[in-house]
>>> print(open('work-v7.txt').read())   # compact mmCIF, C-alpha atoms and all ligand atoms
# COMPACT_ATOMS: atom_id res chain seq x y z
CA MET A 1 14.71 8.99 -4.58
CA LYS A 2 16.51 7.75 -1.51
CA VAL A 3 17.34 4.10 -2.07
CA ILE A 4 18.23 2.02 0.98
CA ILE A 5 19.18 -1.64 0.72
CA ALA A 6 18.91 -3.35 4.10
CA ASN A 7 20.64 -6.60 5.03
CA ASN A 8 17.39 -8.50 5.34
CA SER A 9 13.61 -8.14 5.41
CA LEU A 10 13.46 -7.60 9.17
CA GLU A 11 15.89 -4.70 8.97
CA ALA A 12 14.04 -3.20 5.99
CA SER A 13 10.67 -3.51 7.76
CA LYS A 14 12.11 -1.88 10.90
CA MET A 15 13.36 1.09 8.85
CA VAL A 16 9.88 1.53 7.43
CA SER A 17 8.06 1.20 10.76
CA ASP A 18 10.52 3.67 12.33
CA LEU A 19 9.75 6.23 9.59
CA ILE A 20 6.01 5.79 10.21
CA LYS A 21 6.57 6.06 13.97
CA GLU A 22 8.49 9.33 13.52
CA GLU A 23 5.76 10.70 11.26
CA ILE A 24 3.03 10.03 13.84
CA LYS A 25 5.16 11.28 16.73
CA ASN A 26 5.74 14.56 14.91
CA LYS A 27 2.11 14.94 13.92
CA ASN A 28 -0.48 13.00 15.91
CA ASP A 29 -3.20 13.49 13.34
CA SER A 30 -1.06 12.38 10.39
CA VAL A 31 -2.86 10.95 7.40
CA ILE A 32 -1.16 7.66 6.54
CA GLY A 33 -1.75 5.71 3.33
CA LEU A 34 -1.59 1.97 3.93
CA ALA A 35 -0.95 -1.11 1.80
CA THR A 36 -1.94 -4.74 2.24
CA GLY A 37 -0.30 -7.96 0.99
CA SER A 38 2.62 -9.89 2.41
CA THR A 39 5.12 -7.02 2.28
CA PRO A 40 3.90 -4.75 5.11
CA ILE A 41 3.00 -7.48 7.63
CA LYS A 42 6.19 -7.11 9.67
CA VAL A 43 5.94 -3.31 9.47
CA TYR A 44 2.49 -3.55 11.05
CA SER A 45 3.61 -5.96 13.77
CA ASN A 46 6.45 -3.56 14.63
CA LEU A 47 3.94 -0.70 14.89
CA ILE A 48 1.77 -2.81 17.19
CA GLU A 49 4.81 -3.44 19.37
CA ASN A 50 5.64 0.30 19.34
CA TYR A 51 2.08 1.01 20.48
CA LYS A 52 2.26 -1.60 23.26
CA ASN A 53 5.56 -0.10 24.47
CA GLY A 54 3.93 3.32 24.66
CA GLU A 55 6.01 4.70 21.78
CA ILE A 56 3.11 5.63 19.47
CA ASP A 57 -0.35 7.00 20.11
CA PHE A 58 -2.68 6.32 17.17
CA SER A 59 -5.73 7.99 18.71
CA GLU A 60 -5.67 10.91 16.24
CA THR A 61 -4.20 9.07 13.25
CA ILE A 62 -6.19 8.85 10.02
CA THR A 63 -5.55 6.08 7.48
CA PHE A 64 -6.53 5.46 3.87
CA ASN A 65 -5.93 2.08 2.28
CA LEU A 66 -4.81 1.82 -1.30
CA ASP A 67 -7.32 -0.68 -2.57
CA GLU A 68 -10.03 -3.27 -2.03
CA TYR A 69 -11.51 -6.12 -4.05
CA ILE A 70 -14.90 -5.65 -5.66
CA ASP A 71 -17.73 -8.00 -4.67
CA LEU A 72 -15.93 -9.70 -1.83
CA GLU A 73 -17.77 -9.51 1.49
CA LYS A 74 -16.06 -7.32 4.06
CA GLU A 75 -16.05 -10.22 6.51
CA ASN A 76 -14.32 -12.55 4.04
CA LYS A 77 -10.87 -13.31 5.45
CA ASN A 78 -9.28 -12.19 2.17
CA SER A 79 -10.89 -8.75 2.06
CA TYR A 80 -8.48 -5.92 2.74
CA TYR A 81 -10.91 -4.73 5.41
CA SER A 82 -10.33 -8.03 7.30
CA PHE A 83 -6.61 -7.89 6.59
CA MET A 84 -6.21 -4.44 8.13
CA ASN A 85 -8.23 -5.29 11.23
CA LYS A 86 -6.34 -8.52 11.76
CA ASN A 87 -2.85 -7.20 11.08
CA LEU A 88 -3.07 -3.71 12.59
CA PHE A 89 -6.27 -1.93 13.59
CA ASP A 90 -7.54 -4.50 16.13
CA HIS A 91 -4.30 -4.17 18.11
CA ILE A 92 -3.77 -0.42 18.39
CA ASN A 93 -5.74 2.55 19.77
CA ILE A 94 -6.83 3.88 16.39
CA ASP A 95 -10.40 5.17 16.07
CA LYS A 96 -11.84 2.88 13.39
CA ASN A 97 -13.99 5.79 12.18
CA ASN A 98 -10.70 7.29 11.02
CA THR A 99 -9.68 4.24 8.98
CA TYR A 100 -10.82 4.39 5.37
CA ILE A 101 -10.82 1.48 2.94
CA PRO A 102 -12.64 1.65 -0.41
CA ASN A 103 -15.99 -0.14 -0.23
CA GLY A 104 -15.93 -2.76 -2.98
CA ASN A 105 -19.55 -3.66 -2.22
CA SER A 106 -20.95 -0.19 -2.73
CA LYS A 107 -24.12 -0.06 -4.86
CA ASP A 108 -22.59 2.91 -6.66
CA LEU A 109 -18.93 2.07 -7.23
CA GLU A 110 -18.26 5.13 -9.41
CA LYS A 111 -19.47 7.40 -6.63
CA GLU A 112 -17.46 5.43 -4.08
CA CYS A 113 -14.29 6.17 -6.09
CA LYS A 114 -15.01 9.88 -6.40
CA ASP A 115 -15.93 10.15 -2.73
CA TYR A 116 -12.69 8.40 -1.76
CA ASP A 117 -10.47 11.01 -3.45
CA ARG A 118 -12.65 13.78 -2.04
CA LYS A 119 -12.33 12.36 1.49
CA ILE A 120 -8.55 12.23 1.19
CA ASP A 121 -8.51 15.89 0.14
CA GLU A 122 -10.89 16.84 2.96
CA LYS A 123 -8.52 15.30 5.50
CA GLY A 124 -5.69 17.44 4.15
CA GLY A 125 -4.10 14.87 1.83
CA ILE A 126 -1.83 11.95 2.63
CA ASP A 127 1.24 12.82 4.69
CA LEU A 128 2.97 9.47 4.27
CA GLN A 129 2.04 6.75 1.79
CA LEU A 130 3.31 3.20 2.24
CA LEU A 131 3.54 1.09 -0.94
CA GLY A 132 4.48 -2.43 -1.91
CA ILE A 133 5.25 -3.34 -5.51
CA GLY A 134 3.85 -6.09 -7.70
CA ARG A 135 6.16 -8.40 -9.67
CA ASN A 136 4.86 -6.60 -12.76
CA GLY A 137 5.68 -3.19 -11.29
CA HIS A 138 2.16 -2.28 -10.21
CA ILE A 139 1.60 0.08 -7.29
CA ALA A 140 -1.75 -0.27 -5.54
CA PHE A 141 -3.70 -2.01 -8.34
CA ASN A 142 -2.46 0.30 -11.08
CA GLU A 143 -1.45 -2.40 -13.50
CA PRO A 144 1.04 -1.95 -16.37
CA GLY A 145 -0.34 0.46 -18.96
CA SER A 146 -2.28 2.55 -16.40
CA ASP A 147 -2.24 6.26 -17.14
CA PHE A 148 -0.32 8.29 -14.60
CA GLU A 149 -3.10 10.93 -14.44
CA LEU A 150 -5.80 8.56 -13.19
CA LYS A 151 -7.40 8.87 -9.77
CA THR A 152 -9.28 6.33 -7.67
CA ARG A 153 -11.23 4.01 -9.95
CA ILE A 154 -12.46 0.51 -10.78
CA VAL A 155 -9.86 -1.74 -12.42
CA ASP A 156 -9.56 -5.21 -13.92
CA LEU A 157 -6.74 -7.11 -12.25
CA SER A 158 -4.04 -8.47 -14.53
CA TYR A 159 -3.59 -12.21 -14.97
CA GLU A 160 -0.27 -12.00 -13.09
CA THR A 161 -1.87 -10.27 -10.10
CA ILE A 162 -4.76 -12.72 -10.04
CA LYS A 163 -2.28 -15.59 -10.09
CA ASP A 164 -0.10 -14.06 -7.35
CA ASN A 165 -2.95 -13.09 -5.02
CA SER A 166 -4.98 -16.26 -5.56
CA ARG A 167 -2.49 -17.98 -3.23
CA ASN A 168 -4.72 -16.80 -0.39
CA PHE A 169 -7.94 -18.19 -1.89
CA GLU A 170 -8.97 -21.83 -1.98
CA ASN A 171 -9.02 -21.76 -5.74
CA ILE A 172 -8.32 -19.18 -8.40
CA ASP A 173 -12.03 -18.88 -9.33
CA ASP A 174 -12.83 -17.53 -5.85
CA MET A 175 -10.43 -14.66 -6.36
CA PRO A 176 -12.12 -11.38 -7.40
CA LYS A 177 -11.03 -10.14 -10.81
CA LYS A 178 -11.85 -6.48 -10.17
CA ALA A 179 -10.86 -3.97 -7.53
CA ILE A 180 -11.12 -0.35 -6.51
CA THR A 181 -7.70 1.25 -6.45
CA MET A 182 -6.30 4.62 -5.65
CA GLY A 183 -4.91 5.97 -8.91
CA ILE A 184 -1.33 6.97 -9.56
CA ALA A 185 -2.34 10.65 -9.50
CA SER A 186 -3.88 10.14 -6.05
CA ILE A 187 -0.72 8.38 -4.81
CA MET A 188 1.65 10.99 -6.26
CA LYS A 189 -0.13 13.72 -4.25
CA ALA A 190 1.18 12.18 -1.00
CA LYS A 191 3.76 14.39 0.72
CA LYS A 192 6.10 11.48 1.39
CA ILE A 193 6.13 7.98 -0.14
CA ILE A 194 7.87 4.86 1.13
CA LEU A 195 8.00 1.83 -1.14
CA LEU A 196 9.06 -1.43 0.49
CA ALA A 197 10.27 -4.30 -1.70
CA LEU A 198 11.11 -7.67 -0.21
CA GLY A 199 12.37 -10.87 -1.79
CA GLU A 200 13.86 -12.12 -5.02
CA SER A 201 10.52 -12.02 -6.88
CA LYS A 202 10.58 -8.18 -6.76
CA LYS A 203 14.12 -7.87 -8.11
CA ASP A 204 13.26 -7.23 -11.78
CA ALA A 205 10.52 -4.72 -11.03
CA LEU A 206 12.79 -2.88 -8.59
CA GLU A 207 15.66 -2.75 -11.06
CA LYS A 208 13.36 -1.19 -13.67
CA LEU A 209 11.88 1.24 -11.13
CA ILE A 210 15.27 2.50 -9.96
CA CYS A 211 17.48 2.11 -13.02
CA GLY A 212 15.00 2.33 -15.92
CA GLU A 213 13.04 5.06 -17.66
CA VAL A 214 9.71 6.40 -16.43
CA ASP A 215 7.33 4.17 -18.35
CA LYS A 216 3.65 3.44 -17.82
CA ASN A 217 4.33 -0.22 -18.47
CA LEU A 218 6.19 -0.17 -15.15
CA PRO A 219 3.76 1.95 -13.10
CA ALA A 220 6.09 2.27 -10.07
CA SER A 221 8.65 4.09 -12.26
CA ILE A 222 6.57 7.28 -11.87
CA LEU A 223 7.99 7.54 -8.36
CA GLN A 224 11.20 8.88 -9.96
CA LYS A 225 9.23 12.10 -10.46
CA HIS A 226 8.20 12.50 -6.80
CA SER A 227 10.38 14.75 -4.67
CA ASN A 228 10.19 12.81 -1.39
CA VAL A 229 10.42 9.06 -1.91
CA TYR A 230 12.19 6.33 0.01
CA ILE A 231 12.72 2.99 -1.67
CA ILE A 232 13.63 0.46 1.00
CA ALA A 233 14.49 -3.09 -0.03
CA ASP A 234 16.13 -6.19 1.36
CA LYS A 235 19.22 -7.63 -0.35
CA GLU A 236 17.22 -10.23 -2.23
CA ALA A 237 15.16 -7.56 -3.97
CA GLY A 238 17.75 -4.80 -4.28
CA GLY A 239 21.16 -6.37 -3.75
CA ASN A 240 22.51 -6.14 -7.28
CA LEU A 241 21.05 -3.01 -8.82
CA THR A 242 23.17 -2.26 -11.86
CA CYS A 243 22.80 1.53 -11.66
CA LEU A 244 23.93 1.74 -8.03
CA ASP A 245 27.37 0.17 -8.60
C1 LIG A 301 -1.79 -3.92 -1.75
C2 LIG A 301 -1.30 -3.34 -2.99
C3 LIG A 301 -0.40 -4.07 -3.92
C4 LIG A 301 0.71 -4.85 -3.23
C5 LIG A 301 1.53 -5.64 -4.26
C6 LIG A 301 2.57 -6.51 -3.60
O1 LIG A 301 -2.62 -3.02 -1.06
O2 LIG A 301 -1.65 -2.25 -3.26
O3 LIG A 301 0.14 -3.18 -4.85
O4 LIG A 301 1.54 -3.96 -2.54
O5 LIG A 301 0.67 -6.44 -5.00
O6 LIG A 301 1.94 -7.52 -2.88
P1 LIG A 301 2.76 -8.44 -1.87
O7 LIG A 301 3.21 -7.56 -0.76
O8 LIG A 301 1.76 -9.47 -1.38
O9 LIG A 301 3.88 -9.02 -2.63
>>> encode(input="work-v7.txt", output="structure tokens", more="lines below")
Ligand code: F6R
Amino acid sequence: MKVIIANNSLEASKMVSDLIKEEIKNKNDSVIGLATGSTPIKVYSNLIENYKNGEIDFSETITFNLDEYIDLEKENKNSYYSFMNKNLFDHINIDKNNTYIPNGNSKDLEKECKDYDRKIDEKGGIDLQLLGIGRNGHIAFNEPGSDFELKTRIVDLSYETIKDNSRNFENIDDMPKKAITMGIASIMKAKKIILLALGESKKDALEKLICGEVDKNLPASILQKHSNVYIIADKEAGGNLTCLD
């Protein structure tokens, strides 16, 4: 794992957007795995700026998002479909037919999950996967205890995740309690992985990911086993990692 601790969140986000920019410049039809949440917002606004400056052409790029809530209308402002349009897709020249997000309203959710993994394979697999990390060490919505071998599937969100993500909903009862998530096995197949961790609240999870054992109670720790991973953090999240002294 290459661990990079940037001075602040802006610098960390710029490192990540630059790596994505390079990936797409080298291979126009790259398959990029995308995350939602607060962490990648600045990365996406940098990419929009890169596009507007003529530095990136997204016309051939293919994207797969990590996850989506179940039973939340696509048009709801908290769906990951809305998030991606608002924070990235509406502002760049990507063909929206090439942007894949699990459909949490599918009548056949099991089939939706299987089809999602199949579609990723059909497109040649993910070249670069962007990840955030939950305070409890989850990646995508693979909560603590998730088996590393699992693929895309339906999951119950943990109490901690529901509490964290309900900040965007008017009240906690409006927040979906289930989601479709890419599994850890699906994520680990990506050729390159970049995990971005920002802020003090991610400090403990990051310490365990980088300095601890591989343990399914800290799902992100599996990244230690991947051969091409960047962990990029700001000082608040990664400033005092005991094993890097
Ligand atoms: C989002 C996702 C999650 C988030 C994680 C951190 O698609 O898969 O694993 O990356 O919950 O969320 P934020 O960035 O809001 O702290």
>>> residues_around(input="work-v7.txt", residues="range 181-184 of chain A", least_positions_apart="3", cutoff="9 Å", atoms="all atoms listed in the file", output="number ranges by chain")
A: 65-69, 102, 113, 116-117, 139-142, 146-155, 187-189, 219-220, 222
>>> closest_residue(input="work-v7.txt", among="A:Cys243, A:Ala185, A:Leu72, A:Val31", to="Phe169 in chain A", atoms="all atoms listed in the file")
A:Leu72
>>> atom_distance(input="work-v7.txt", atom1="CA of Gly137 in chain A", atom2="CA of Glu110 in chain A")
25.4 Å
>>> closest_residue(input="work-v7.txt", among="A:Leu198, A:Leu128, A:Ile232, A:Met84", to="Ser30 in chain A", atoms="all atoms listed in the file")
A:Leu128
>>> closest_residue(input="work-v7.txt", among="A:Leu131, A:Ile62, A:Ala237, A:Ile70", to="ligand LIG 301 (chain A)", atoms="all atoms listed in the file")
A:Leu131
>>> closest_residue(input="work-v7.txt", among="A:Thr36, A:Asn76, A:Lys42, A:Asn93", to="Asp57 in chain A", atoms="all atoms listed in the file")
A:Asn93
>>> axis_aligned_box(input="work-v7.txt", around="range 128-141 of chain A", padding_each_side="3 Å", output="JSON")
{"center_x": 1.2, "center_y": 0.5, "center_z": -4.2, "size_x": 15.9, "size_y": 23.9, "size_z": 23.0}
>>> residues_near_point(input="work-v7.txt", point="(20.0, 0.7, -1.0)", cutoff="7 Å", atoms="all atoms listed in the file", output="VMD selection string")
chain A and resid 3 to 6 232 to 233 238
>>> residues_near_point(input="work-v7.txt", point="(-11.8, -10.0, -11.2)", cutoff="9 Å", atoms="only C-alpha atoms", output="number ranges by chain")
A: 69-70, 155-158, 162, 175-179
>>> write_last_selection(input="work-v7.txt", atoms="C-alpha atoms", output="PDB file, in the frame of the given file")
ATOM      1  CA  TYR A  69     -11.510  -6.120  -4.050  1.00  0.00           C
ATOM      2  CA  ILE A  70     -14.900  -5.650  -5.660  1.00  0.00           C
ATOM      3  CA  VAL A 155      -9.860  -1.740 -12.420  1.00  0.00           C
ATOM      4  CA  ASP A 156      -9.560  -5.210 -13.920  1.00  0.00           C
ATOM      5  CA  LEU A 157      -6.740  -7.110 -12.250  1.00  0.00           C
ATOM      6  CA  SER A 158      -4.040  -8.470 -14.530  1.00  0.00           C
ATOM      7  CA  ILE A 162      -4.760 -12.720 -10.040  1.00  0.00           C
ATOM      8  CA  MET A 175     -10.430 -14.660  -6.360  1.00  0.00           C
ATOM      9  CA  PRO A 176     -12.120 -11.380  -7.400  1.00  0.00           C
ATOM     10  CA  LYS A 177     -11.030 -10.140 -10.810  1.00  0.00           C
ATOM     11  CA  LYS A 178     -11.850  -6.480 -10.170  1.00  0.00           C
ATOM     12  CA  ALA A 179     -10.860  -3.970  -7.530  1.00  0.00           C
TER      13      ALA A 179
END
>>> closest_residue(input="work-v7.txt", among="A:Glu22, A:Glu49, A:Glu55, A:Glu112", to="Asn87 in chain A", atoms="all atoms listed in the file")
A:Glu49
>>> residues_around(input="work-v7.txt", residues="Phe58 in chain A", least_positions_apart="4", cutoff="9 Å", atoms="only C-alpha atoms", output="PyMOL selection string")
chain A and resi 24+28-29+51+62+92-95
>>> closest_residue(input="work-v7.txt", among="A:Glu143, A:Asp90, A:Asp108, A:Asp174", to="ligand LIG 301 (chain A)", atoms="all atoms listed in the file")
A:Glu143
>>> atom_distance(input="work-v7.txt", atom1="atom P1 of ligand LIG 301 (chain A)", atom2="CA of Lys96 in chain A")
24.0 Å
>>> residues_around(input="work-v7.txt", residues="Ala205 in chain A", least_positions_apart="6", cutoff="8 Å", atoms="only C-alpha atoms", output="PyMOL selection string")
chain A and resi 133-137+218
>>> write_last_selection(input="work-v7.txt", atoms="C-alpha atoms", output="short mmCIF file (atom, residue, chain, number, x, y, z; two decimals), in the coordinates of the input")
data_model
loop_
_atom_site.label_atom_id
_atom_site.label_comp_id
_atom_site.auth_asym_id
_atom_site.auth_seq_id
_atom_site.Cartn_x
_atom_site.Cartn_y
_atom_site.Cartn_z
CA ILE A 133 5.25 -3.34 -5.51
CA GLY A 134 3.85 -6.09 -7.70
CA ARG A 135 6.16 -8.40 -9.67
CA ASN A 136 4.86 -6.60 -12.76
CA GLY A 137 5.68 -3.19 -11.29
CA LEU A 218 6.19 -0.17 -15.15
#
>>> atom_distance(input="work-v7.txt", atom1="CA of Asn78 in chain A", atom2="CA of His91 in chain A")
18.5 Å
>>> residues_around(input="work-v7.txt", residues="Val43 in chain A", least_positions_apart="6", cutoff="12 Å", atoms="all atoms listed in the file", output="PDB file with C-alpha atoms, in the frame of the given file")
ATOM      1  CA  SER A   9      13.610  -8.140   5.410  1.00  0.00           C
ATOM      2  CA  LEU A  10      13.460  -7.600   9.170  1.00  0.00           C
ATOM      3  CA  GLU A  11      15.890  -4.700   8.970  1.00  0.00           C
ATOM      4  CA  ALA A  12      14.040  -3.200   5.990  1.00  0.00           C
ATOM      5  CA  SER A  13      10.670  -3.510   7.760  1.00  0.00           C
ATOM      6  CA  LYS A  14      12.110  -1.880  10.900  1.00  0.00           C
ATOM      7  CA  MET A  15      13.360   1.090   8.850  1.00  0.00           C
ATOM      8  CA  VAL A  16       9.880   1.530   7.430  1.00  0.00           C
ATOM      9  CA  SER A  17       8.060   1.200  10.760  1.00  0.00           C
ATOM     10  CA  ASP A  18      10.520   3.670  12.330  1.00  0.00           C
ATOM     11  CA  LEU A  19       9.750   6.230   9.590  1.00  0.00           C
ATOM     12  CA  ILE A  20       6.010   5.790  10.210  1.00  0.00           C
ATOM     13  CA  LYS A  21       6.570   6.060  13.970  1.00  0.00           C
ATOM     14  CA  LEU A  34      -1.590   1.970   3.930  1.00  0.00           C
ATOM     15  CA  ALA A  35      -0.950  -1.110   1.800  1.00  0.00           C
ATOM     16  CA  THR A  36      -1.940  -4.740   2.240  1.00  0.00           C
ATOM     17  CA  GLY A  37      -0.300  -7.960   0.990  1.00  0.00           C
ATOM     18  CA  GLU A  49       4.810  -3.440  19.370  1.00  0.00           C
ATOM     19  CA  ASN A  50       5.640   0.300  19.340  1.00  0.00           C
ATOM     20  CA  ASN A  87      -2.850  -7.200  11.080  1.00  0.00           C
ATOM     21  CA  LEU A  88      -3.070  -3.710  12.590  1.00  0.00           C
ATOM     22  CA  LEU A 130       3.310   3.200   2.240  1.00  0.00           C
ATOM     23  CA  LEU A 131       3.540   1.090  -0.940  1.00  0.00           C
ATOM     24  CA  GLY A 132       4.480  -2.430  -1.910  1.00  0.00           C
ATOM     25  CA  ILE A 194       7.870   4.860   1.130  1.00  0.00           C
ATOM     26  CA  LEU A 195       8.000   1.830  -1.140  1.00  0.00           C
ATOM     27  CA  LEU A 196       9.060  -1.430   0.490  1.00  0.00           C
ATOM     28  CA  LEU A 198      11.110  -7.670  -0.210  1.00  0.00           C
TER      29      LEU A 198
END
>>> build_atoms(input="work-v7.txt", residues="range 193-202 of chain A", atoms="all heavy atoms", output="tab-separated table (two decimals), keeping the file's coordinate frame")
chain	number	residue	atom	x	y	z
A	193	ILE	N	6.49	9.34	0.28
A	193	ILE	CA	6.13	7.98	-0.14
A	193	ILE	C	7.25	7.03	0.27
A	193	ILE	O	8.44	7.35	0.09
A	193	ILE	CB	5.92	7.91	-1.68
A	193	ILE	CG1	4.76	8.83	-2.09
A	193	ILE	CG2	5.67	6.47	-2.13
A	193	ILE	CD1	4.47	8.86	-3.60
A	194	ILE	N	6.87	5.90	0.83
A	194	ILE	CA	7.87	4.86	1.13
A	194	ILE	C	7.43	3.60	0.40
A	194	ILE	O	6.32	3.09	0.63
A	194	ILE	CB	7.93	4.54	2.64
A	194	ILE	CG1	8.22	5.80	3.44
A	194	ILE	CG2	8.97	3.46	2.92
A	194	ILE	CD1	8.13	5.59	4.95
A	195	LEU	N	8.29	3.10	-0.48
A	195	LEU	CA	8.00	1.83	-1.14
A	195	LEU	C	8.91	0.77	-0.55
A	195	LEU	O	10.13	0.95	-0.47
A	195	LEU	CB	8.21	1.94	-2.65
A	195	LEU	CG	7.88	0.66	-3.44
A	195	LEU	CD1	7.21	1.00	-4.78
A	195	LEU	CD2	9.11	-0.21	-3.69
A	196	LEU	N	8.31	-0.31	-0.09
A	196	LEU	CA	9.06	-1.43	0.49
A	196	LEU	C	9.02	-2.60	-0.49
A	196	LEU	O	7.95	-2.98	-0.97
A	196	LEU	CB	8.43	-1.82	1.84
A	196	LEU	CG	9.04	-3.00	2.59
A	196	LEU	CD1	10.50	-2.75	2.96
A	196	LEU	CD2	8.23	-3.31	3.86
A	197	ALA	N	10.20	-3.15	-0.79
A	197	ALA	CA	10.27	-4.30	-1.70
A	197	ALA	C	11.07	-5.41	-1.02
A	197	ALA	O	12.22	-5.19	-0.62
A	197	ALA	CB	10.94	-3.90	-3.01
A	198	LEU	N	10.46	-6.56	-0.90
A	198	LEU	CA	11.11	-7.67	-0.21
A	198	LEU	C	11.14	-8.92	-1.09
A	198	LEU	O	10.12	-9.27	-1.70
A	198	LEU	CB	10.36	-8.01	1.10
A	198	LEU	CG	10.20	-6.88	2.12
A	198	LEU	CD1	9.35	-7.36	3.31
A	198	LEU	CD2	11.56	-6.39	2.61
A	199	GLY	N	12.28	-9.56	-1.14
A	199	GLY	CA	12.37	-10.87	-1.79
A	199	GLY	C	12.75	-10.82	-3.25
A	199	GLY	O	12.50	-9.85	-3.97
A	200	GLU	N	13.34	-11.91	-3.66
A	200	GLU	CA	13.86	-12.12	-5.02
A	200	GLU	C	12.81	-11.84	-6.11
A	200	GLU	O	13.14	-11.31	-7.17
A	200	GLU	CB	14.30	-13.60	-5.06
A	200	GLU	CG	14.63	-14.19	-6.40
A	200	GLU	CD	16.11	-14.06	-6.68
A	200	GLU	OE1	16.88	-14.19	-5.72
A	200	GLU	OE2	16.46	-13.83	-7.86
A	201	SER	N	11.54	-12.16	-5.82
A	201	SER	CA	10.52	-12.02	-6.88
A	201	SER	C	10.30	-10.55	-7.27
A	201	SER	O	9.70	-10.27	-8.30
A	201	SER	CB	9.20	-12.65	-6.44
A	201	SER	OG	8.64	-11.91	-5.39
A	202	LYS	N	10.78	-9.60	-6.46
A	202	LYS	CA	10.58	-8.18	-6.76
A	202	LYS	C	11.79	-7.55	-7.44
A	202	LYS	O	11.78	-6.37	-7.77
A	202	LYS	CB	10.25	-7.40	-5.46
A	202	LYS	CG	9.08	-7.94	-4.67
A	202	LYS	CD	7.78	-7.85	-5.47
A	202	LYS	CE	6.62	-8.55	-4.81
A	202	LYS	NZ	6.15	-7.96	-3.58
